[in-house]
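Text of the file target_16.txt, holding compact mmCIF, C-alpha atoms:
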# COMPACT_ATOMS: atom_id res chain seq x y z
CA MET A 365 -31.17 34.74 -7.39
CA SER A 366 -31.05 38.20 -8.94
CA CYS A 367 -33.57 40.24 -10.89
CA ARG A 368 -32.21 43.26 -12.72
CA VAL A 369 -34.32 45.80 -14.58
CA VAL A 370 -32.85 47.92 -17.39
CA VAL A 371 -34.72 51.15 -18.10
CA GLY A 372 -34.13 54.15 -20.32
CA ALA A 373 -33.50 57.25 -18.21
CA GLN A 374 -34.19 59.76 -21.00
CA TRP A 375 -36.52 59.81 -24.04
CA GLY A 376 -35.57 56.41 -25.41
CA ASP A 377 -32.77 55.47 -27.83
CA GLU A 378 -30.25 55.50 -24.97
CA GLY A 379 -28.46 52.36 -26.14
CA LYS A 380 -30.35 49.86 -23.97
CA GLY A 381 -29.98 47.13 -26.58
CA LYS A 382 -26.20 47.08 -26.26
CA ILE A 383 -26.37 47.21 -22.46
CA VAL A 384 -28.94 44.40 -22.24
CA ASP A 385 -26.77 42.31 -24.56
CA LEU A 386 -23.75 42.99 -22.34
CA LEU A 387 -25.61 42.15 -19.11
CA SER A 388 -27.17 39.08 -20.73
CA GLU A 389 -23.79 37.37 -20.43
CA GLU A 390 -24.58 37.16 -16.71
CA ALA A 391 -28.27 36.23 -17.15
CA ASP A 392 -30.14 32.96 -17.54
CA VAL A 393 -33.44 34.63 -18.49
CA VAL A 394 -34.12 37.88 -20.37
CA ALA A 395 -37.67 39.20 -20.63
CA ARG A 396 -39.07 42.22 -22.46
CA TYR A 397 -41.83 43.88 -20.42
CA GLN A 398 -43.52 46.66 -22.46
CA GLY A 399 -43.78 48.46 -25.79
CA GLY A 400 -44.06 46.99 -29.24
CA PRO A 401 -42.21 46.95 -32.56
CA ASN A 402 -41.63 50.70 -32.21
CA ALA A 403 -38.51 49.84 -30.19
CA GLY A 404 -35.24 49.58 -32.04
CA HIS A 405 -32.38 47.96 -30.14
CA THR A 406 -29.15 47.87 -32.16
CA VAL A 407 -26.36 45.54 -31.07
CA VAL A 408 -22.97 45.14 -32.77
CA VAL A 409 -21.14 41.84 -32.21
CA GLY A 410 -17.88 41.18 -34.00
CA GLY A 411 -18.75 43.77 -36.64
CA GLN A 412 -22.13 42.14 -37.30
CA ILE A 413 -25.14 44.42 -36.75
CA PHE A 414 -28.34 43.10 -35.19
CA VAL A 415 -31.45 45.31 -35.04
CA LEU A 416 -34.13 43.98 -32.70
CA HIS A 417 -37.65 45.37 -32.31
CA LEU A 418 -39.65 42.81 -30.32
CA ILE A 419 -37.24 40.02 -29.45
CA PRO A 420 -35.13 40.69 -26.33
CA SER A 421 -31.48 41.51 -26.94
CA GLY A 422 -30.56 38.52 -24.79
CA ILE A 423 -31.35 36.25 -27.75
CA LEU A 424 -27.80 36.93 -29.00
CA ARG A 425 -26.40 35.00 -26.02
CA PRO A 426 -26.71 31.27 -26.79
CA ASN A 427 -27.47 30.18 -23.24
CA THR A 428 -30.29 32.57 -22.39
CA VAL A 429 -34.02 31.90 -22.52
CA CYS A 430 -36.01 34.92 -23.73
CA TYR A 431 -39.59 35.96 -23.04
CA ILE A 432 -41.91 38.61 -24.47
CA GLY A 433 -44.08 39.61 -21.52
CA ASN A 434 -47.77 40.35 -21.19
CA GLY A 435 -47.05 44.10 -21.15
CA VAL A 436 -45.86 44.00 -24.78
CA VAL A 437 -48.13 44.40 -27.80
CA VAL A 438 -47.08 41.95 -30.50
CA ASP A 439 -47.05 42.56 -34.25
CA CYS A 440 -46.85 39.04 -35.69
CA ASP A 441 -45.46 40.18 -39.05
CA ALA A 442 -42.66 42.04 -37.26
CA LEU A 443 -41.98 39.05 -35.01
CA ARG A 444 -41.91 36.65 -37.97
CA ASN A 445 -39.54 38.87 -39.95
CA GLU A 446 -37.27 39.39 -36.98
CA ARG A 447 -37.11 35.67 -36.26
CA GLU A 448 -36.22 34.91 -39.89
CA ALA A 449 -33.55 37.61 -39.94
CA LEU A 450 -31.93 36.17 -36.81
CA LEU A 451 -31.98 32.66 -38.25
CA LYS A 452 -30.21 33.95 -41.37
CA GLN A 453 -27.60 35.47 -39.07
CA ARG A 454 -27.14 32.03 -37.47
CA ILE A 455 -28.85 32.89 -34.18
CA GLN A 456 -30.88 30.01 -32.75
CA VAL A 457 -34.37 31.26 -31.84
CA ASP A 458 -36.72 28.29 -31.68
CA GLY A 459 -36.90 26.72 -28.24
CA ARG A 460 -35.36 29.84 -26.70
CA LEU A 461 -38.03 32.48 -27.40
CA PHE A 462 -41.47 32.47 -25.77
CA VAL A 463 -44.42 34.88 -25.76
CA SER A 464 -46.91 35.51 -22.99
CA ALA A 465 -50.37 34.13 -23.70
CA SER A 466 -51.67 37.35 -22.11
CA ALA A 467 -49.80 39.70 -24.47
CA HIS A 468 -52.05 41.65 -26.83
CA VAL A 469 -51.81 41.42 -30.62
CA ILE A 470 -51.63 44.32 -33.07
CA LEU A 471 -54.05 43.95 -35.99
CA PRO A 472 -54.19 45.77 -39.36
CA ASP A 473 -57.12 47.84 -38.11
CA HIS A 474 -54.94 49.21 -35.31
CA ARG A 475 -52.47 50.51 -37.86
CA ALA A 476 -55.29 52.12 -39.85
CA LEU A 477 -56.59 53.83 -36.73
CA GLU A 478 -53.15 55.15 -35.84
CA ARG A 479 -52.76 56.64 -39.30
CA LEU A 480 -56.00 58.51 -38.61
CA THR A 481 -54.70 59.99 -35.34
CA GLU A 482 -51.47 61.15 -37.00
CA ALA A 483 -53.20 62.74 -39.99
CA GLY A 484 -54.24 65.90 -38.16
CA PRO A 485 -52.43 69.25 -37.85
CA GLU A 486 -48.70 69.06 -37.12
CA HIS A 487 -49.03 70.65 -33.67
CA ALA A 488 -51.56 68.00 -32.62
CA ARG A 489 -49.51 64.98 -33.66
CA ILE A 490 -47.73 62.83 -31.12
CA GLY A 491 -45.16 61.63 -33.63
CA THR A 492 -45.80 57.89 -33.35
CA THR A 493 -44.15 55.23 -35.51
CA GLY A 494 -47.53 54.41 -37.11
CA ARG A 495 -47.38 50.73 -36.18
CA GLY A 496 -50.75 50.51 -34.43
CA ILE A 497 -49.27 50.33 -30.94
CA GLY A 498 -51.38 53.09 -29.36
CA PRO A 499 -54.72 51.73 -30.64
CA ALA A 500 -53.74 48.20 -29.51
CA TYR A 501 -53.11 49.49 -25.99
CA THR A 502 -56.36 51.46 -26.18
CA ASP A 503 -58.25 48.26 -26.93
CA LYS A 504 -56.42 46.53 -24.09
CA ALA A 505 -57.53 49.21 -21.62
CA GLY A 506 -61.03 49.12 -23.11
CA ARG A 507 -61.21 45.35 -22.53
CA VAL A 508 -61.87 44.57 -26.19
CA GLY A 509 -58.35 43.64 -27.31
CA LEU A 510 -57.12 40.39 -28.80
CA ARG A 511 -54.61 38.50 -26.64
CA VAL A 512 -52.31 35.71 -27.82
CA ALA A 513 -54.51 33.21 -25.94
CA ASP A 514 -57.55 34.55 -27.80
CA LEU A 515 -55.75 34.41 -31.14
CA LEU A 516 -55.22 30.70 -30.60
CA ASP A 517 -58.98 30.14 -30.18
CA PRO A 518 -60.68 30.32 -33.63
CA GLU A 519 -64.10 31.26 -32.25
CA ILE A 520 -62.91 34.05 -29.95
CA ARG A 521 -60.47 35.27 -32.61
CA THR A 522 -63.20 35.67 -35.24
CA GLU A 523 -65.56 37.43 -32.84
CA ARG A 524 -62.92 39.94 -31.66
CA VAL A 525 -61.67 40.73 -35.16
CA MET A 526 -65.19 41.32 -36.46
CA ARG A 527 -66.05 43.55 -33.51
CA LEU A 528 -62.93 45.61 -34.08
CA ARG A 529 -63.79 46.00 -37.75
CA GLU A 530 -67.25 47.33 -36.85
CA ARG A 531 -65.71 50.00 -34.60
CA THR A 532 -63.03 50.86 -37.14
CA LEU A 533 -65.63 51.52 -39.84
CA LYS A 534 -67.44 53.93 -37.51
CA LEU A 535 -64.25 55.93 -36.96
CA LEU A 536 -62.76 56.04 -40.46
CA SER A 537 -64.07 58.03 -43.38
CA PRO A 538 -66.03 56.09 -46.03
CA GLY A 539 -63.64 54.58 -48.55
CA ALA A 540 -60.62 54.69 -46.23
CA PRO A 541 -58.17 51.90 -47.17
CA LEU A 542 -58.63 48.82 -45.01
CA GLU A 543 -57.39 45.29 -45.42
CA PRO A 544 -60.39 43.08 -46.34
CA LEU A 545 -61.88 41.29 -43.35
CA GLU A 546 -61.34 37.86 -44.95
CA SER A 547 -57.67 38.67 -45.42
CA VAL A 548 -57.33 39.76 -41.78
CA LEU A 549 -58.92 36.52 -40.56
CA ALA A 550 -56.61 34.47 -42.77
CA ARG A 551 -53.64 36.44 -41.48
CA CYS A 552 -54.73 35.73 -37.90
CA GLU A 553 -54.86 32.01 -38.63
CA ARG A 554 -51.26 32.10 -39.86
CA ASP A 555 -50.25 34.18 -36.85
CA ALA A 556 -51.83 31.66 -34.50
CA GLU A 557 -49.63 28.94 -35.96
CA LEU A 558 -46.57 31.14 -35.48
CA LEU A 559 -47.36 31.85 -31.83
CA ARG A 560 -48.77 28.50 -30.74
CA PRO A 561 -45.39 26.84 -29.98
CA MET A 562 -44.14 30.04 -28.32
CA SER A 563 -47.13 30.74 -26.09
CA VAL A 564 -46.50 30.31 -22.34
CA ASN A 565 -47.41 31.79 -18.97
CA VAL A 566 -44.48 34.22 -18.67
CA SER A 567 -45.36 35.22 -15.10
CA HIS A 568 -45.07 31.61 -13.98
CA ALA A 569 -41.92 31.02 -16.03
CA VAL A 570 -40.06 34.06 -14.64
CA ASP A 571 -41.20 33.32 -11.10
CA SER A 572 -40.03 29.71 -11.43
CA ALA A 573 -36.64 30.88 -12.69
CA LEU A 574 -36.23 33.20 -9.70
CA ARG A 575 -37.28 30.45 -7.27
CA ALA A 576 -34.66 28.20 -8.85
CA GLY A 577 -31.97 30.80 -8.12
CA LYS A 578 -31.51 31.85 -11.73
CA ARG A 579 -30.43 35.29 -12.89
CA VAL A 580 -33.20 37.29 -14.57
CA LEU A 581 -32.88 40.46 -16.63
CA LEU A 582 -35.98 42.52 -17.48
CA GLU A 583 -35.67 44.73 -20.56
CA GLY A 584 -37.71 47.86 -21.20
CA ALA A 585 -38.26 49.86 -24.36
CA GLN A 586 -38.50 53.63 -24.93
CA GLY A 587 -37.52 55.75 -21.90
CA THR A 588 -38.78 57.16 -18.61
CA HIS A 589 -39.87 60.46 -20.15
CA LEU A 590 -42.06 58.58 -22.62
CA ASP A 591 -43.81 56.69 -19.81
CA LEU A 592 -47.60 57.00 -19.91
CA ASP A 593 -47.79 58.23 -16.30
CA HIS A 594 -44.41 59.80 -15.62
CA GLY A 595 -43.42 61.14 -19.04
CA THR A 596 -44.12 64.38 -20.91
CA TYR A 597 -47.81 63.60 -21.40
CA PRO A 598 -49.45 63.56 -23.94
CA TYR A 599 -46.23 63.21 -25.96
CA VAL A 600 -45.58 59.75 -24.55
CA THR A 601 -45.88 56.10 -25.45
CA SER A 602 -48.91 54.01 -24.46
CA SER A 603 -47.33 51.81 -21.80
CA SER A 604 -45.27 52.00 -18.63
CA ALA A 605 -41.60 52.29 -19.57
CA THR A 606 -40.47 52.65 -15.95
CA ALA A 607 -39.27 49.98 -13.53
CA GLY A 608 -42.80 49.66 -12.16
CA GLY A 609 -43.88 48.53 -15.61
CA ALA A 610 -41.40 45.66 -15.36
CA CYS A 611 -43.45 44.14 -12.53
CA THR A 612 -46.81 44.39 -14.28
CA GLY A 613 -45.30 43.68 -17.71
CA VAL A 614 -44.05 40.20 -16.84
CA GLY A 615 -46.17 39.44 -13.79
CA ILE A 616 -43.86 39.49 -10.76
CA GLY A 617 -44.02 41.39 -7.48
CA PRO A 618 -41.81 44.44 -6.79
CA THR A 619 -40.00 42.63 -3.97
CA ARG A 620 -38.39 40.31 -6.54
CA ILE A 621 -36.39 43.15 -8.14
CA THR A 622 -32.85 43.45 -6.78
CA GLU A 623 -31.39 46.17 -9.02
CA VAL A 624 -32.61 48.90 -11.39
CA ILE A 625 -30.10 50.06 -13.99
CA GLY A 626 -30.78 53.31 -15.80
CA VAL A 627 -29.24 53.89 -19.23
CA ALA A 628 -28.56 57.43 -20.46
CA LYS A 629 -26.53 58.94 -23.27
CA ALA A 630 -23.73 61.37 -22.45
CA TYR A 631 -25.98 63.90 -24.18
CA ALA A 632 -29.72 63.59 -24.91
CA THR A 633 -32.00 62.86 -27.87
CA ARG A 634 -35.70 62.75 -28.56
CA VAL A 635 -37.75 61.49 -31.52
CA GLY A 636 -41.10 62.96 -32.45
CA ASN A 637 -42.93 65.92 -30.97
CA GLY A 638 -43.04 67.07 -27.38
CA PRO A 639 -41.03 69.27 -24.99
CA PHE A 640 -37.26 68.85 -24.91
CA PRO A 641 -35.74 71.58 -22.68
CA SER A 642 -32.07 70.86 -23.44
CA GLU A 643 -32.57 70.72 -27.23
CA LEU A 644 -29.89 72.18 -29.48
CA LYS A 645 -30.45 73.80 -32.84
CA GLY A 646 -28.32 74.47 -35.87
CA GLU A 647 -24.82 73.32 -36.68
CA LEU A 648 -23.95 71.83 -33.28
CA ALA A 649 -27.14 69.73 -33.18
CA GLU A 650 -26.41 68.47 -36.69
CA ARG A 651 -22.81 67.68 -35.76
CA ILE A 652 -23.87 65.55 -32.79
CA ARG A 653 -26.60 63.88 -34.86
CA GLU A 654 -24.15 62.83 -37.55
CA GLU A 655 -21.38 61.82 -35.18
CA GLY A 656 -23.79 59.75 -33.09
CA ASN A 657 -25.75 58.40 -36.09
CA GLU A 658 -28.89 59.68 -34.43
CA TYR A 659 -31.49 58.23 -36.74
CA GLY A 660 -34.22 55.86 -35.59
CA ALA A 661 -33.39 52.16 -35.90
CA THR A 662 -37.10 51.50 -36.51
CA THR A 663 -38.19 54.51 -38.60
CA GLY A 664 -34.97 56.14 -39.80
CA ARG A 665 -36.27 59.49 -38.54
CA PRO A 666 -33.60 62.00 -37.44
CA ARG A 667 -33.48 62.45 -33.69
CA ARG A 668 -33.53 65.82 -31.99
CA CYS A 669 -30.29 66.33 -30.06
CA GLY A 670 -29.52 68.23 -26.87
CA TRP A 671 -27.26 68.41 -23.85
CA PHE A 672 -27.41 66.00 -20.90
CA ASP A 673 -30.32 67.09 -18.69
CA VAL A 674 -29.79 66.49 -14.97
CA VAL A 675 -33.34 67.62 -14.11
CA ALA A 676 -34.71 64.87 -16.34
CA ILE A 677 -32.25 62.28 -14.97
CA ARG A 678 -33.09 63.05 -11.34
CA HIS A 679 -36.76 62.57 -12.21
CA ALA A 680 -35.91 59.19 -13.78
CA ALA A 681 -33.82 58.21 -10.75
CA ARG A 682 -36.72 58.90 -8.41
CA VAL A 683 -39.59 57.22 -10.27
CA ASN A 684 -37.50 54.15 -11.16
CA GLY A 685 -35.52 53.82 -7.93
CA LEU A 686 -32.28 53.65 -9.94
CA THR A 687 -29.43 51.84 -8.23
CA GLN A 688 -26.87 52.72 -10.89
CA LEU A 689 -26.41 54.55 -14.18
CA VAL A 690 -24.83 53.45 -17.44
CA ILE A 691 -23.62 56.28 -19.68
CA THR A 692 -23.49 55.53 -23.40
CA LYS A 693 -22.00 57.25 -26.45
CA LEU A 694 -19.37 59.20 -24.55
CA ASP A 695 -17.18 58.95 -27.66
CA VAL A 696 -19.67 61.10 -29.64
CA LEU A 697 -18.49 64.11 -27.59
CA ASP A 698 -14.76 63.45 -28.12
CA ALA A 699 -14.14 66.30 -30.55
CA LEU A 700 -16.20 69.05 -28.92
CA PRO A 701 -14.25 72.02 -27.49
CA GLU A 702 -16.78 72.47 -24.68
CA ILE A 703 -19.77 70.58 -23.35
CA GLN A 704 -22.76 71.78 -21.38
CA VAL A 705 -25.00 70.08 -18.86
CA VAL A 706 -28.47 71.36 -17.99
CA MET A 707 -28.74 71.62 -14.20
CA GLU A 708 -31.95 73.61 -13.74
CA TYR A 709 -34.81 75.15 -15.68
CA GLU A 710 -35.95 78.75 -15.60
CA ILE A 711 -39.73 79.06 -15.86
CA GLY A 712 -41.41 82.45 -15.59
CA GLY A 713 -38.44 84.01 -13.85
CA ARG A 714 -37.97 81.27 -11.25
CA ARG A 715 -35.41 78.46 -11.10
CA VAL A 716 -36.68 74.88 -10.73
CA THR A 717 -34.79 71.64 -10.19
CA GLU A 718 -37.74 69.25 -10.69
CA MET A 719 -39.58 68.57 -13.95
CA PRO A 720 -42.92 70.40 -13.92
CA GLU A 721 -46.04 68.29 -14.48
CA SER A 722 -47.67 71.09 -16.48
CA LEU A 723 -47.03 70.70 -20.21
CA ALA A 724 -47.25 74.48 -20.66
CA GLU A 725 -44.57 75.07 -18.03
CA LEU A 726 -42.32 72.37 -19.47
CA GLN A 727 -42.64 73.85 -22.95
CA ALA A 728 -41.75 77.28 -21.53
CA ALA A 729 -38.73 76.00 -19.58
CA ARG A 730 -35.39 77.56 -20.45
CA PRO A 731 -32.32 75.43 -19.65
CA VAL A 732 -29.76 76.65 -17.13
CA ALA A 733 -26.42 74.98 -17.76
CA GLU A 734 -22.90 74.42 -16.53
CA THR A 735 -20.10 74.46 -19.09
CA PHE A 736 -17.25 71.95 -19.13
CA PRO A 737 -14.06 71.90 -21.19
CA GLY A 738 -14.03 69.15 -23.80
CA TRP A 739 -11.30 66.52 -23.79
CA ARG A 740 -10.54 66.71 -27.53
CA ALA A 741 -9.14 63.16 -27.53
CA PRO A 742 -10.49 59.75 -28.60
CA THR A 743 -12.05 57.56 -25.92
CA THR A 744 -12.93 54.50 -28.01
CA GLU A 745 -9.82 52.56 -26.92
CA ALA A 746 -10.39 53.18 -23.20
CA ARG A 747 -11.20 50.09 -21.12
CA GLN A 748 -10.22 51.25 -17.63
CA TRP A 749 -11.34 54.39 -15.82
CA ASP A 750 -7.85 55.87 -15.86
CA ASP A 751 -7.68 55.36 -19.65
CA LEU A 752 -10.24 58.13 -20.08
CA PRO A 753 -8.99 61.70 -20.53
CA ARG A 754 -8.96 63.71 -17.30
CA GLU A 755 -11.66 66.10 -18.55
CA ALA A 756 -13.90 63.17 -19.49
CA ARG A 757 -13.54 61.70 -15.99
CA ARG A 758 -14.40 65.06 -14.47
CA TYR A 759 -17.43 65.36 -16.72
CA LEU A 760 -18.69 61.93 -15.66
CA ASP A 761 -17.98 62.67 -12.00
CA ARG A 762 -20.16 65.77 -12.24
CA LEU A 763 -22.99 63.85 -13.93
CA GLU A 764 -22.87 61.26 -11.15
CA GLU A 765 -22.80 63.89 -8.41
CA ALA A 766 -25.66 65.92 -9.87
CA ALA A 767 -27.84 62.90 -10.65
CA GLY A 768 -27.25 61.30 -7.26
CA VAL A 769 -26.79 57.85 -8.82
CA PRO A 770 -23.44 56.02 -9.19
CA ILE A 771 -22.12 55.50 -12.71
CA ARG A 772 -20.81 51.96 -13.04
CA LEU A 773 -20.34 51.55 -16.81
CA VAL A 774 -19.48 53.90 -19.66
CA SER A 775 -19.89 52.90 -23.30
CA VAL A 776 -17.31 54.38 -25.66
CA GLY A 777 -18.38 52.71 -28.91
CA SER A 778 -21.00 50.52 -30.52
CA GLY A 779 -19.06 47.26 -30.16
CA ARG A 780 -19.87 44.76 -27.43
CA ASP A 781 -16.43 45.20 -25.79
CA GLU A 782 -16.12 48.99 -26.14
CA ASN A 783 -16.84 49.84 -22.51
CA VAL A 784 -15.22 51.23 -19.40
CA ARG A 785 -16.23 49.51 -16.18
CA ARG A 786 -16.12 51.55 -13.01
CA HIS A 787 -16.05 49.49 -9.82
CA VAL A 788 -15.60 52.41 -7.44
CA SER A 789 -16.48 56.11 -7.51
CA PRO A 790 -13.12 57.91 -7.67
CA ARG A 791 -13.06 61.59 -6.79
CA GLU A 792 -10.54 64.02 -8.20
CA THR A 793 -9.94 67.69 -7.46
CA PRO A 794 -12.91 70.09 -7.54
CA LEU A 795 -14.34 70.60 -11.00
CA ASP A 796 -13.12 73.45 -13.15
CA ILE A 797 -16.48 74.64 -14.40
CA HIS A 798 -18.03 77.93 -15.32
CA PRO A 799 -20.95 79.38 -13.33
CA LEU A 800 -24.51 78.47 -14.28
CA ARG A 801 -25.80 80.41 -17.24
CA LEU A 802 -28.77 80.33 -19.58
CA LEU A 803 -28.17 78.53 -22.88
Once more with this new file: its structure as structure tokens, please.
Amino acid sequence: MSCRVVVGAQWGDEGKGKIVDLLSEEADVVARYQGGPNAGHTVVVGGQIFVLHLIPSGILRPNTVCYIGNGVVVDCDALRNEREALLKQRIQVDGRLFVSASAHVILPDHRALERLTEAGPEHARIGTTGRGIGPAYTDKAGRVGLRVADLLDPEIRTERVMRLRERTLKLLSPGAPLEPLESVLARCERDAELLRPMSVNVSHAVDSALRAGKRVLLEGAQGTHLDLDHGTYPYVTSSSATAGGACTGVGIGPTRITEVIGVAKAYATRVGNGPFPSELKGELAERIREEGNEYGATTGRPRRCGWFDVVAIRHAARVNGLTQLVITKLDVLDALPEIQVVMEYEIGGRRVTEMPESLAELQAARPVAETFPGWRAPTTEARQWDDLPREARRYLDRLEEAAGVPIRLVSVGSGRDENVRRHVSPRETPLDIHPLRLL
């Protein structure tokens, strides 16, 4: 029996989809535990591109059973479209994909309410995907949401939808565009038929799999620094993207988890507003963005790019209890003459090595970095540790040392097999690095 959790160690978009797909080869069960259709997990298999938003990446492995946990908010249109797209790509879904009866459902009114929250001044916007995820979680916390189990009951469904419409009308301006109530109720009836054969008790199913000695993989969305409690609040998502969220998001106890795998890019990105201490500007940021194709798989929005931030990674290691790190997109840095890593922040004349909880302090933080020579050589063909250029190995050694978490896998391309596995932690001569300096 094993229960692995895969979490994003940065601000999301770390490449978790590829890593979950890779680890799914060794899993019997894959379950998604939080978030909604704002996630965008891109997996490349044999040159074929799969973009998944709600369905776990494990669906691409024919022998896995996949679950969408109670911690997820489900957009039925997105789920329906995703299912149909997978079927067209010859991926068997029916009989392998199940949804928690306790998961909450996103309704058209939730999307209308989110448009309202994002219509204010630029500085006040969170930068959401506009898919109604925040309002759906708000209703969940307010105990007025619509769960899958409720959707399947015509009487409860009608009552909840009508109550939500009454509240929506109080919040929106007169004449604001809303889908007619009759249309919403008809939509819900269709959605109930979609979900009825998929609806199960995911907590019981995952627990039964573990008791039977099966291998379980729990898949998160977004990243640690977008977590509702441990992220850069209020510029965060509306759910728990950390390993703790895996327990509540599928309904198992923390003692069942055997390993927590953090995924981080060899640099860093962030989408939307909010503090980003290691952010780059200008030509270098654009170069990394283009080389790494840093555009949202869900929205197409360009991602903000920056250097690898050890302060942020150490925070992620602590709150998740990371047992290992996976570094992705190392190949994006192949052509750079030098690379920097943020080791500390300077705030008000003092050096700090922990992320401040104050938003004002985090926004004022200036990055303090170490500079490394680039390797100026392709890494995409590397499959063994020694295949990597010496400077790349030194760079990864320093990331591991500074983060305090062993690096066990390095992704050097988007393909399923473009990886370097690291079974031990080799140490070379002391690093040739420049002293810390302000970026």
Would you please work out which residue, of A:Val624, A:Val384, A:Val566, A:Ala728, is nearest to Thr612 of chain A when using all atoms listed in the file?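 Of all the options, A:Val566 lies closest to Thr612 of chain A.
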Neighbourhood query: residues within 12 Å of (-58.1, 34.6, -30.2), file coordinates, counting only C-alpha atoms; return as a compact mmCIF listing (two decimals) with C-alpha atoms, in the coordinates of the input.
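As written to disk, out_27.txt reads:
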# COMPACT_ATOMS: atom_id res chain seq x y z
CA ALA A 465 -50.37 34.13 -23.70
CA SER A 466 -51.67 37.35 -22.11
CA ALA A 467 -49.80 39.70 -24.47
CA HIS A 468 -52.05 41.65 -26.83
CA VAL A 469 -51.81 41.42 -30.62
CA LEU A 471 -54.05 43.95 -35.99
CA VAL A 508 -61.87 44.57 -26.19
CA GLY A 509 -58.35 43.64 -27.31
CA LEU A 510 -57.12 40.39 -28.80
CA ARG A 511 -54.61 38.50 -26.64
CA VAL A 512 -52.31 35.71 -27.82
CA ALA A 513 -54.51 33.21 -25.94
CA ASP A 514 -57.55 34.55 -27.80
CA LEU A 515 -55.75 34.41 -31.14
CA LEU A 516 -55.22 30.70 -30.60
CA ASP A 517 -58.98 30.14 -30.18
CA PRO A 518 -60.68 30.32 -33.63
CA GLU A 519 -64.10 31.26 -32.25
CA ILE A 520 -62.91 34.05 -29.95
CA ARG A 521 -60.47 35.27 -32.61
CA THR A 522 -63.20 35.67 -35.24
CA GLU A 523 -65.56 37.43 -32.84
CA ARG A 524 -62.92 39.94 -31.66
CA VAL A 525 -61.67 40.73 -35.16
CA MET A 526 -65.19 41.32 -36.46
CA LEU A 549 -58.92 36.52 -40.56
CA CYS A 552 -54.73 35.73 -37.90
CA GLU A 553 -54.86 32.01 -38.63
CA ASP A 555 -50.25 34.18 -36.85
CA ALA A 556 -51.83 31.66 -34.50
CA GLU A 557 -49.63 28.94 -35.96
CA LEU A 559 -47.36 31.85 -31.83
CA ARG A 560 -48.77 28.50 -30.74
Have a look at A:Gly496, A:Gly768, A:Gly404, A:Gly646 and name the one nearest to Ala680 of chain A; count all atoms listed in the file.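 The closest residue to Ala680 of chain A is A:Gly768.
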Pick from A:Tyr501, A:Leu461, A:Tyr631, A:Arg554, whichever lies nearest to Cys440 of chain A using only C-alpha atoms: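 Nearest to Cys440 of chain A: A:Arg554.
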In Å, how far is it from atom CA of Gln453 of chain A to atom CA of Val408 of chain A?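 Atom CA of Gln453 of chain A sits 12.4 Å away from atom CA of Val408 of chain A.
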Nearest to Met719 of chain A by atom-to-atom distance, counting only C-alpha atoms, from A:Thr596, A:Ser604, A:Thr743, A:Asn637: A:Thr596
So which one's closest to Gly779 of chain A, A:Arg754, A:Arg529, A:Thr692, A:Trp671? Using all atoms listed in the file, please.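 Closest candidate: A:Thr692.
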Would you please work out which residue, of A:Pro499, A:Gly670, A:Pro544, A:Pro618, is nearest to Val635 of chain A when using all atoms listed in the file? A:Gly670
Using only C-alpha atoms, collect all residues at a distance of at most 7 Å from (-33.4, 62.5, -32.0) as written in the file, then present them as a list in words.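 Residues lying no farther than 7 Å from the given point: Thr633, Arg634, Val635, Glu658, Tyr659, Pro666, Arg667, Arg668 and Cys669 of chain A.
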How would segment 440-449 of chain A look with N, CA and C atoms restored, written as a PDB file, in the frame of the given file?
ATOM      1  N   CYS A 440     -47.318  40.359 -35.262  1.00  0.00           N
ATOM      2  CA  CYS A 440     -46.850  39.040 -35.690  1.00  0.00           C
ATOM      3  C   CYS A 440     -45.994  39.109 -36.948  1.00  0.00           C
ATOM      4  N   ASP A 441     -46.309  40.027 -37.867  1.00  0.00           N
ATOM      5  CA  ASP A 441     -45.460  40.180 -39.050  1.00  0.00           C
ATOM      6  C   ASP A 441     -44.062  40.602 -38.645  1.00  0.00           C
ATOM      7  N   ALA A 442     -43.969  41.572 -37.724  1.00  0.00           N
ATOM      8  CA  ALA A 442     -42.660  42.040 -37.260  1.00  0.00           C
ATOM      9  C   ALA A 442     -41.908  40.921 -36.553  1.00  0.00           C
ATOM     10  N   LEU A 443     -42.620  40.145 -35.732  1.00  0.00           N
ATOM     11  CA  LEU A 443     -41.980  39.050 -35.010  1.00  0.00           C
ATOM     12  C   LEU A 443     -41.485  37.980 -35.985  1.00  0.00           C
ATOM     13  N   ARG A 444     -42.290  37.659 -36.977  1.00  0.00           N
ATOM     14  CA  ARG A 444     -41.910  36.650 -37.970  1.00  0.00           C
ATOM     15  C   ARG A 444     -40.671  37.105 -38.748  1.00  0.00           C
ATOM     16  N   ASN A 445     -40.677  38.353 -39.189  1.00  0.00           N
ATOM     17  CA  ASN A 445     -39.540  38.870 -39.950  1.00  0.00           C
ATOM     18  C   ASN A 445     -38.269  38.915 -39.112  1.00  0.00           C
ATOM     19  N   GLU A 446     -38.428  39.297 -37.862  1.00  0.00           N
ATOM     20  CA  GLU A 446     -37.270  39.390 -36.980  1.00  0.00           C
ATOM     21  C   GLU A 446     -36.685  38.006 -36.704  1.00  0.00           C
ATOM     22  N   ARG A 447     -37.550  37.040 -36.478  1.00  0.00           N
ATOM     23  CA  ARG A 447     -37.110  35.670 -36.260  1.00  0.00           C
ATOM     24  C   ARG A 447     -36.341  35.150 -37.468  1.00  0.00           C
ATOM     25  N   GLU A 448     -36.880  35.390 -38.672  1.00  0.00           N
ATOM     26  CA  GLU A 448     -36.220  34.910 -39.890  1.00  0.00           C
ATOM     27  C   GLU A 448     -34.881  35.590 -40.101  1.00  0.00           C
ATOM     28  N   ALA A 449     -34.814  36.882 -39.786  1.00  0.00           N
ATOM     29  CA  ALA A 449     -33.550  37.610 -39.940  1.00  0.00           C
ATOM     30  C   ALA A 449     -32.487  37.051 -38.995  1.00  0.00           C
TER      31      ALA A 449
END
